[in-house]
Structures are given as structure tokens and as C-alpha cells.
file structure.csv (CSV, C-alpha atoms)
chain,number,residue,atom,x,y,z
A,1,MET,CA,-11.9,13.3,-11.1
A,2,ASN,CA,-13.4,11.5,-14.1
A,3,PRO,CA,-15.8,8.9,-12.8
A,4,ALA,CA,-14.3,6.4,-15.3
A,5,LYS,CA,-11.0,6.5,-13.6
A,6,SER,CA,-9.4,4.3,-10.9
A,7,GLN,CA,-7.3,5.4,-8.0
A,8,LEU,CA,-4.0,3.9,-6.8
A,9,LEU,CA,-3.4,4.9,-3.2
A,10,VAL,CA,0.1,4.7,-1.9
A,11,PHE,CA,0.3,4.7,1.9
A,12,THR,CA,3.6,5.9,3.3
A,13,ARG,CA,5.2,8.0,6.1
A,14,LEU,CA,7.4,11.0,6.0
A,15,PRO,CA,11.0,10.0,6.8
A,16,CYS,CA,11.9,10.8,10.4
A,17,GLU,CA,14.6,9.2,12.5
A,18,GLY,CA,13.1,6.9,15.1
A,19,ARG,CA,9.7,6.7,13.4
A,20,ASN,CA,10.4,4.7,10.2
A,21,LYS,CA,11.0,1.0,10.1
A,22,THR,CA,11.6,0.8,13.9
A,23,ARG,CA,12.2,-2.9,13.9
A,24,LEU,CA,15.2,-2.3,11.6
A,25,ILE,CA,16.8,0.2,14.0
A,26,PRO,CA,18.9,-2.5,15.8
A,27,ALA,CA,20.6,-3.3,12.5
A,28,LEU,CA,20.6,0.1,10.7
A,29,GLY,CA,20.3,2.7,13.5
A,30,ALA,CA,17.6,5.3,13.6
A,31,ALA,CA,19.0,7.4,10.7
A,32,GLY,CA,19.8,4.3,8.6
A,33,ALA,CA,16.3,3.0,9.1
A,34,ALA,CA,14.8,6.3,8.0
A,35,ARG,CA,17.1,6.3,4.9
A,36,PHE,CA,16.1,2.8,4.1
A,37,HIS,CA,12.4,3.8,4.3
A,38,ASP,CA,13.2,6.6,1.9
A,39,ARG,CA,14.7,4.1,-0.6
A,40,LEU,CA,11.7,1.8,-0.3
A,41,ALA,CA,9.3,4.6,-0.9
A,42,ARG,CA,11.1,5.9,-4.0
A,43,HIS,CA,11.5,2.4,-5.4
A,44,THR,CA,7.7,1.8,-4.9
A,45,LEU,CA,6.9,5.1,-6.6
A,46,GLN,CA,9.0,4.2,-9.6
A,47,ARG,CA,7.0,1.0,-10.0
A,48,ALA,CA,3.7,2.9,-9.4
A,49,ASP,CA,4.7,5.5,-12.0
A,50,ALA,CA,5.4,2.8,-14.5
A,51,PHE,CA,2.0,1.3,-13.9
A,52,CYS,CA,0.2,4.6,-14.2
A,53,ARG,CA,2.0,5.5,-17.5
A,54,THR,CA,0.7,2.4,-19.2
A,55,ALA,CA,-2.7,1.8,-17.4
A,56,GLU,CA,-5.6,3.8,-18.8
A,57,GLY,CA,-7.3,6.2,-16.5
A,58,VAL,CA,-5.5,5.6,-13.2
A,59,GLU,CA,-4.9,8.5,-10.8
A,60,MET,CA,-2.2,8.0,-8.1
A,61,VAL,CA,-2.6,9.6,-4.7
A,62,ILE,CA,0.0,9.4,-1.9
A,63,ARG,CA,-1.7,9.1,1.5
A,64,LEU,CA,0.9,10.5,3.8
A,65,ASP,CA,1.4,9.9,7.6
A,66,GLY,CA,3.5,12.1,9.8
A,67,GLY,CA,3.6,15.1,7.6
A,68,THR,CA,1.7,17.7,5.5
A,69,PRO,CA,1.2,17.6,1.7
A,70,GLY,CA,3.8,20.4,1.5
A,71,GLU,CA,6.3,18.3,3.3
A,72,GLY,CA,5.4,15.4,1.0
A,73,HIS,CA,6.1,17.6,-2.0
A,74,ALA,CA,9.5,18.6,-0.6
A,75,TRP,CA,10.3,15.0,0.0
A,76,LEU,CA,9.1,13.3,-3.2
A,77,GLY,CA,8.2,16.0,-5.7
A,78,ASN,CA,5.1,16.8,-7.7
A,79,TYR,CA,2.6,14.1,-6.7
A,80,GLU,CA,-0.8,14.5,-5.2
A,81,PHE,CA,-0.5,14.2,-1.4
A,82,ARG,CA,-3.2,13.9,1.2
A,83,GLU,CA,-2.8,13.2,4.9
A,84,GLN,CA,-3.9,9.9,6.1
A,85,GLY,CA,-5.6,11.4,9.2
A,86,GLY,CA,-5.9,9.9,12.6
A,87,GLY,CA,-6.8,6.4,13.9
A,88,ASP,CA,-5.3,3.0,13.5
A,89,LEU,CA,-4.3,1.6,10.2
A,90,GLY,CA,-7.8,0.2,9.5
A,91,GLU,CA,-9.4,3.5,10.1
A,92,ARG,CA,-7.0,5.3,7.9
A,93,LEU,CA,-7.4,2.7,5.1
A,94,GLU,CA,-11.2,2.9,5.4
A,95,ARG,CA,-11.1,6.7,5.1
A,96,ALA,CA,-8.8,6.7,2.1
A,97,VAL,CA,-10.9,4.1,0.2
A,98,ARG,CA,-14.1,5.9,1.1
A,99,ASP,CA,-12.6,9.2,-0.2
A,100,ALA,CA,-11.6,7.5,-3.5
A,101,PHE,CA,-15.1,6.1,-4.2
A,102,ALA,CA,-16.7,9.4,-3.2
A,103,GLU,CA,-14.7,11.0,-5.9
A,104,GLY,CA,-16.1,8.6,-8.5
A,105,ALA,CA,-13.4,5.9,-8.7
A,106,ARG,CA,-14.6,2.6,-10.1
A,107,LYS,CA,-11.6,0.6,-8.8
A,108,VAL,CA,-9.3,1.4,-5.9
A,109,LEU,CA,-5.9,-0.2,-5.3
A,110,VAL,CA,-4.0,0.5,-2.0
A,111,ILE,CA,-0.3,-0.4,-1.5
A,112,GLY,CA,2.3,0.4,1.0
A,113,THR,CA,6.0,1.0,0.4
A,114,ASP,CA,7.4,-2.0,2.3
A,115,CYS,CA,7.3,-4.5,-0.5
A,116,PRO,CA,10.3,-4.0,-3.0
A,117,ASP,CA,9.2,-7.1,-5.0
A,118,LEU,CA,6.0,-5.3,-6.0
A,119,THR,CA,6.1,-4.5,-9.8
A,120,ALA,CA,3.8,-2.8,-12.3
A,121,THR,CA,2.9,-6.3,-13.5
A,122,HIS,CA,1.4,-7.0,-10.0
A,123,LEU,CA,-0.7,-3.8,-10.2
A,124,VAL,CA,-1.9,-4.7,-13.7
A,125,GLY,CA,-2.8,-8.2,-12.4
A,126,ALA,CA,-4.8,-6.7,-9.5
A,127,MET,CA,-6.8,-4.5,-11.8
A,128,GLU,CA,-7.6,-7.5,-14.0
A,129,LEU,CA,-8.7,-9.5,-11.0
A,130,LEU,CA,-11.0,-6.7,-10.0
A,131,ASN,CA,-12.9,-7.5,-13.3
A,132,GLN,CA,-13.8,-10.8,-11.7
A,133,HIS,CA,-13.9,-10.2,-8.0
A,134,PRO,CA,-15.0,-7.2,-5.9
A,135,LEU,CA,-12.0,-7.6,-3.6
A,136,VAL,CA,-8.3,-8.5,-4.3
A,137,PHE,CA,-5.4,-9.1,-1.9
A,138,GLY,CA,-1.7,-9.4,-2.5
A,139,PRO,CA,-0.6,-11.7,0.4
A,140,ALA,CA,2.7,-11.2,2.2
A,141,HIS,CA,4.8,-14.0,3.6
A,142,ASP,CA,4.5,-12.6,7.1
A,143,GLY,CA,0.7,-13.1,7.1
A,144,GLY,CA,-0.3,-9.6,6.1
A,145,TYR,CA,-0.9,-8.1,2.7
A,146,TYR,CA,1.0,-5.7,0.4
A,147,LEU,CA,-2.0,-4.7,-1.7
A,148,VAL,CA,-5.8,-4.5,-1.4
A,149,GLY,CA,-8.0,-3.7,-4.3
A,150,LEU,CA,-11.7,-3.0,-4.2
A,151,THR,CA,-14.6,-2.2,-6.6
A,152,GLN,CA,-16.9,-1.1,-3.7
A,153,GLU,CA,-16.5,0.1,-0.2
A,154,CYS,CA,-16.1,-2.8,2.3
A,155,PRO,CA,-15.4,-1.2,5.7
A,156,GLN,CA,-15.7,-4.7,7.4
A,157,ILE,CA,-12.3,-5.7,6.1
A,158,PHE,CA,-10.7,-2.9,8.0
A,159,HIS,CA,-12.5,-3.4,11.4
A,160,ASN,CA,-11.3,-5.5,14.3
A,161,ILE,CA,-8.0,-6.5,12.6
A,162,ALA,CA,-4.9,-7.1,14.7
A,163,TRP,CA,-2.7,-4.9,12.5
A,164,GLY,CA,1.0,-5.8,12.5
A,165,GLY,CA,0.3,-9.4,13.5
A,166,ALA,CA,0.6,-12.6,11.6
A,167,ALA,CA,-3.2,-13.0,11.1
A,168,VAL,CA,-4.0,-9.8,9.2
A,169,LEU,CA,-4.8,-11.5,5.9
A,170,SER,CA,-6.7,-14.4,7.5
A,171,GLU,CA,-8.8,-12.0,9.6
A,172,SER,CA,-9.4,-9.8,6.5
A,173,LEU,CA,-10.4,-12.8,4.4
A,174,ALA,CA,-12.8,-13.9,7.2
A,175,ALA,CA,-14.4,-10.5,7.2
A,176,ALA,CA,-14.8,-10.6,3.4
A,177,GLU,CA,-16.4,-14.0,3.6
A,178,GLN,CA,-18.8,-12.8,6.3
A,179,ALA,CA,-19.7,-9.8,4.0
A,180,GLY,CA,-20.4,-12.2,1.1
A,181,LEU,CA,-17.6,-10.8,-1.1
A,182,GLY,CA,-15.6,-13.0,-3.4
A,183,VAL,CA,-11.8,-12.5,-3.3
A,184,GLY,CA,-9.0,-12.8,-5.8
A,185,LEU,CA,-5.5,-13.3,-4.7
A,186,LEU,CA,-2.2,-12.3,-6.3
A,187,GLU,CA,1.1,-14.1,-5.7
A,188,THR,CA,2.6,-14.0,-2.3
A,189,LEU,CA,5.5,-11.6,-1.9
A,190,SER,CA,7.9,-10.6,0.9
A,191,ASP,CA,7.9,-7.3,2.6
A,192,VAL,CA,10.6,-5.7,4.8
A,193,ASP,CA,10.0,-5.7,8.6
A,194,VAL,CA,13.0,-7.1,10.4
A,195,PRO,CA,16.7,-7.3,9.8
A,196,ALA,CA,16.5,-10.8,8.4
A,197,ASP,CA,14.5,-9.4,5.5
A,198,LEU,CA,17.2,-7.0,4.5
A,199,PRO,CA,19.4,-9.2,2.1
A,200,ALA,CA,16.4,-10.1,-0.1
A,201,ALA,CA,15.2,-6.5,0.0
A,202,GLU,CA,18.6,-5.3,-1.2
A,203,ILE,CA,18.4,-7.7,-4.2
A,204,ALA,CA,14.9,-6.4,-5.0
A,205,LEU,CA,15.9,-2.8,-4.7
A,206,SER,CA,18.8,-3.3,-7.1
A,207,ARG,CA,16.4,-4.3,-9.9
A,208,SER,CA,15.4,-1.6,-12.3
call {"tool": "encode", "arguments": {"input": "structure.csv", "output": "C-alpha cells"}}
result
Amino acid sequence: MNPAKSQLLVFTRLPCEGRNKTRLIPALGAAGAARFHDRLARHTLQRADAFCRTAEGVEMVIRLDGGTPGEGHAWLGNYEFREQGGGDLGERLERAVRDAFAEGARKVLVIGTDCPDLTATHLVGAMELLNQHPLVFGPAHDGGYYLVGLTQECPQIFHNIAWGGAAVLSESLAAAEQAGLGVGLLETLSDVDVPADLPAAEIALSRS
């Protein structure tokens, strides 16, 4: 990898009935929740592709959970896949970010596939904010975040976080403050966790 490049890391999971979007299963069923996860992932990758086509020197890597790179290729095609590895979400995020910087990335963006409102414009904005701050978050309405961007390793923001709770962002911001890192914030967007989120998600998914 060229040291001048940046990396966009996309965290997602191989579709599997009963393992994807489990809080949506009461509304969609296990198979329906897995199919919805697939739609979200493909939608996010369309936006990520659009960003990478116009941004200079950005390499996209899909960090896959629940499957091998070969299974990832069979699912989504000719992208670069790497397994997330073990541990909780914080450990997996820390590992992926560490790998990216070890390969010479100057900036690293990490996104999931649960925020259909995320656009290439948000990714451009995150890269621009990283010119002013070492750390950037895209806040989610549920108290988490849909994006984190870094210009240096900051393992503290991935430690001792109550992942999946309503305080993920506030705990991460507190960790950043304790580490002495300035933070830039993108606009707050909605992600998809529970059945009540589905109507807005369908509207977002219908946009090109």
C-alpha cells in the first residue's frame, strides 16, 4: 500500500439466518432480517464505492465477521476482504485500525453497514475534518456512532465501552478527552436496530 493513501474500513457480517439484525427478527423473521442486512450492506458499499471513485488515494477494505474472505467474495464480489478476528467490537475495531496504520495509511475511516443515510458526502466531510482533528465521529441518534475516523492510533477509544448501549459515543468522547485528542463531529444520522427504524430505513434505501 502506498503510504500516501488512506483506508476506508467497512465492518460487516456474512449474512446468516438468526445472526444478522437479531432485533429485527420479531418483525421480519430470521430469513427476512438476514435479507435486510444484505440490502443494507450492498447499499453501503454503493455509497463507499462512489466515495472511493472520487476521493484520491483511498483504499477500501471490508472487515468481515462470521465468514472467510472467500465467502465474502462469493457474497459481494471482488473487494478486498479480511476477517475481523476475535474479541468484542472494541478489540476488533482496534485491530483493524492498527493494521491500517501499520500498512502506512495516513487517515483511516471505519463505517458499519447499518446506517442507510450515510452518503459519499459524509465520507468526504469526515476526511476533511481529519485535516483539522485527529479524531472524527459520526454520531447516531441512538447514542452510538456510524463512523469513526483517525489520523493516529487511539486504542483508548475502543476500551471499556459498553458496546450496543446508549452511551457508546459519550464514553468514546470521554476517552478521547482523557487522551488529549481533539474531536470533530459529523451530522447525527439514524441507524437501523429495531423495527421502529424500518420505515425511515426503507426511505433511505430507496434513494439512489
call {"tool": "closest_residue", "arguments": {"input": "structure.csv", "among": "A:Asn131, A:Thr119, A:Thr12, A:Ser170", "to": "Glu187 of chain A", "atoms": "only C-alpha atoms"}}
result
A:Thr119
call {"tool": "closest_residue", "arguments": {"input": "structure.csv", "among": "A:Ile161, A:Ile203, A:Ala55, A:Leu76", "to": "Leu93 of chain A", "atoms": "only C-alpha atoms"}}
result
A:Ile161
call {"tool": "residues_around", "arguments": {"input": "structure.csv", "residues": "Gly86 of chain A", "least_positions_apart": "2", "cutoff": "12 Å", "atoms": "all atoms listed in the file", "output": "list in words"}}
result
Arg63, Leu64, Asp65, Gly66, Gly67, Glu83, Gln84, Asp88, Leu89, Gly90, Glu91, Arg92, Leu93, Glu94, Arg95 and Ala96 of chain A
call {"tool": "residues_near_point", "arguments": {"input": "structure.csv", "point": "(-3.3, 16.5, -5.6)", "cutoff": "10 Å", "atoms": "all atoms listed in the file", "output": "list in words"}}
result
Glu59, Met60, Val61, Ile62, Pro69, Asn78, Tyr79, Glu80, Phe81 and Arg82 of chain A
call {"tool": "closest_residue", "arguments": {"input": "structure.csv", "among": "A:Pro26, A:Gly77, A:Pro199, A:Gly149", "to": "Pro116 of chain A", "atoms": "all atoms listed in the file"}}
result
A:Pro199
call {"tool": "closest_residue", "arguments": {"input": "structure.csv", "among": "A:Thr121, A:Ser190, A:Thr68, A:Gln7", "to": "Arg106 of chain A", "atoms": "all atoms listed in the file"}}
result
A:Gln7
call {"tool": "closest_residue", "arguments": {"input": "structure.csv", "among": "A:Ala30, A:Ala176, A:Leu185, A:Val10", "to": "Arg42 of chain A", "atoms": "only C-alpha atoms"}}
result
A:Val10
call {"tool": "closest_residue", "arguments": {"input": "structure.csv", "among": "A:Leu118, A:Leu198, A:Ala204, A:Leu40", "to": "Arg23 of chain A", "atoms": "all atoms listed in the file"}}
result
A:Leu198
call {"tool": "atom_distance", "arguments": {"input": "structure.csv", "atom1": "atom CA of Leu205 of chain A", "atom2": "atom CA of Asp117 of chain A"}}
result
8.0 Å
call {"tool": "residues_around", "arguments": {"input": "structure.csv", "residues": "Gly180 of chain A", "least_positions_apart": "5", "cutoff": "12 Å", "atoms": "only C-alpha atoms", "output": "number ranges by chain"}}
result
A: 133-135, 154, 156-157, 173-175
call {"tool": "atom_distance", "arguments": {"input": "structure.csv", "atom1": "atom CA of Ala120 of chain A", "atom2": "atom CA of Ala34 of chain A"}}
result
24.8 Å
call {"tool": "atom_distance", "arguments": {"input": "structure.csv", "atom1": "atom CA of Gly32 of chain A", "atom2": "atom CA of Glu202 of chain A"}}
result
13.8 Å
call {"tool": "residues_around", "arguments": {"input": "structure.csv", "residues": "Leu24 of chain A", "least_positions_apart": "3", "cutoff": "8 Å", "atoms": "all atoms listed in the file", "output": "JSON list (two decimals) with C-alpha atoms, in the coordinates of the input"}}
result
[["chain", "number", "residue", "atom", "x", "y", "z"],
["A", 21, "LYS", "CA", 11.00, 1.00, 10.10],
["A", 27, "ALA", "CA", 20.60, -3.30, 12.50],
["A", 28, "LEU", "CA", 20.60, 0.10, 10.70],
["A", 29, "GLY", "CA", 20.30, 2.70, 13.50],
["A", 33, "ALA", "CA", 16.30, 3.00, 9.10],
["A", 193, "ASP", "CA", 10.00, -5.70, 8.60],
["A", 194, "VAL", "CA", 13.00, -7.10, 10.40],
["A", 195, "PRO", "CA", 16.70, -7.30, 9.80]]
